[in-house]
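Please read the structure below before turning to the comments.
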Amino acid sequence: MDGQDVYSKNFNMMVKVSSWVGRMFRMIDIDDQVEACRRVFASDTRWTVVRGSDLEEGESQGLPVWSQHVGDPILESNMTRRVDFALFMVEALDNDELIDEAPAIVGCQTPSALAFKAEN
């Protein structure tokens, strides 16, 4: 598995363009993160790369929900409590379903997560 299997072509293109623009204006340089993920994906070890959303402070709302695809509607709210992000990271240590996956997460009480739950 590599980044091409996990991320859409549009997302990969957006990363390349954002990286170039960020370097041009000396705002961001994400090449190290891209390289780190490439190495993790190519690794023979058991791995999980959690793709987080924006983080906010506050009391725990519970274990975040996740999806394999960044553009999925369940992730639209793009917000997770910091404490719940940590909760997910601890959960990922024991969840064999997340081995060799790059789950994208969002808080379980966000509008998009609740809408998804109501539909299913």
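Chain lettering (A, B, ...) mirrors the order of the structure tokens, residue numbering begins at 1 for each chain separately, and ligand numbering begins at 1 in order of display.
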For A:Pro64, list every protein, DNA or RNA residue within 7 Å, evaluated using only C-alpha atoms, and leave out those in the same chain fewer than 6 positions away; present the list as a VMD selection string.
chain A and resid 84 88 105 to 108
Please provide as a compact mmCIF listing (two decimals) with N, CA, C and O atoms, in the first residue's frame all residues within 12 Å of A:Thr45, with the sequence filter that same-chain residues fewer than 4 positions apart are discarded (counting only C-alpha atoms).
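Result went into out_21.txt, see below:
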# COMPACT_ATOMS: atom_id res chain seq x y z
N ARG A 39 7.20 6.55 3.74
CA ARG A 39 8.04 5.53 4.39
C ARG A 39 7.20 4.60 5.27
O ARG A 39 7.45 3.40 5.33
N VAL A 40 6.24 5.15 5.97
CA VAL A 40 5.36 4.32 6.79
C VAL A 40 4.57 3.35 5.91
O VAL A 40 4.48 2.16 6.18
N PHE A 41 3.98 3.86 4.82
CA PHE A 41 3.19 3.02 3.92
C PHE A 41 4.04 1.90 3.32
O PHE A 41 3.55 0.79 3.08
N ILE A 99 -5.00 -1.71 11.38
CA ILE A 99 -3.64 -2.02 10.94
C ILE A 99 -3.54 -1.82 9.43
O ILE A 99 -4.40 -2.27 8.68
N ASP A 100 -2.48 -1.14 9.01
CA ASP A 100 -2.25 -0.82 7.60
C ASP A 100 -3.37 0.02 7.01
O ASP A 100 -3.71 -0.09 5.84
To one decimal place in Å, what is the distance between atom CA of A:Trp66 and atom CA of A:Asn10?
20.2 Å
Extract the full set of helix (DSSP H, G or I) residues from stretch 26-108 of chain A according to DSSP on the backbone, and format it as a ChimeraX atom specification.
/A:31-42,73-75,82-94,96-98
Per DSSP on the backbone, filter stretch 11-63 of chain A down to the residues in strand (DSSP E or B) and report them as a list in words.
Thr48, Arg51, Asp54, Leu55 and Glu56 of chain A
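Restricting the calculation to only C-alpha atoms, the smallest distance between A:Asp94 and any of A:Trp47, A:Val70, A:Asp32, A:Asn120 is found for A:Trp47.
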If we count only C-alpha atoms and set the cut-off at 8 Å, which residues sit around A:Glu59, ignoring sequence neighbours fewer than 2 positions away in its own chain? Please answer as an mmCIF file with N, CA, C and O atoms, in the first residue's frame.
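Final file, result.cif:
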data_model
loop_
_atom_site.group_PDB
_atom_site.id
_atom_site.type_symbol
_atom_site.label_atom_id
_atom_site.label_comp_id
_atom_site.auth_asym_id
_atom_site.auth_seq_id
_atom_site.Cartn_x
_atom_site.Cartn_y
_atom_site.Cartn_z
ATOM 1 N N GLU A 57 -10.871 22.330 21.954
ATOM 2 C CA GLU A 57 -10.843 21.997 23.374
ATOM 3 C C GLU A 57 -12.238 21.601 23.833
ATOM 4 O O GLU A 57 -13.225 21.880 23.156
ATOM 5 N N GLN A 61 -16.390 13.764 23.980
ATOM 6 C CA GLN A 61 -17.692 13.414 23.412
ATOM 7 C C GLN A 61 -17.749 11.935 23.059
ATOM 8 O O GLN A 61 -18.755 11.447 22.600
ATOM 9 N N ARG A 81 -12.589 16.806 19.250
ATOM 10 C CA ARG A 81 -12.047 17.280 20.522
ATOM 11 C C ARG A 81 -10.649 16.686 20.706
ATOM 12 O O ARG A 81 -10.411 15.522 20.382
ATOM 13 N N VAL A 83 -9.097 15.673 23.325
ATOM 14 C CA VAL A 83 -9.110 14.505 24.195
ATOM 15 C C VAL A 83 -9.621 13.276 23.438
ATOM 16 O O VAL A 83 -9.147 12.162 23.664
#
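Using only C-alpha atoms, the nearest neighbour of A:Ser67 within the list A:Val21, A:Asp96, A:Ala113, A:Ser43 is A:Ala113.
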Applying 7 Å and only C-alpha atoms, which residues near A:Arg51 remain after dropping the ones on its own chain fewer than 5 positions away? List them as an MDAnalysis selection string.
chainID A and resid 102:105
Report the distance between atom CA of A:Asp31 and atom CA of A:Asp44 in Å, rounded to one decimal place.
22.0 Å
Between atom CA of A:Phe85 and atom CA of A:Lys16 lies a distance of 26.4 Å
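Restricting the calculation to only C-alpha atoms, the smallest distance between A:Ser77 and any of A:Leu93, A:Ala115, A:Val15, A:Ile30 is found for A:Ala115.
Nearest-residue note for A:Glu119: choosing from A:Met79, A:Ile74, A:Leu87, A:Val49, the minimum distance belongs to A:Ile74, counting only C-alpha atoms.
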What's around A:Pro111 at 12 Å? Count only C-alpha atoms, leave out sequence neighbours fewer than 6 positions away in its own chain, and write the answer as a ChimeraX atom specification.
/A:73-80,117-118
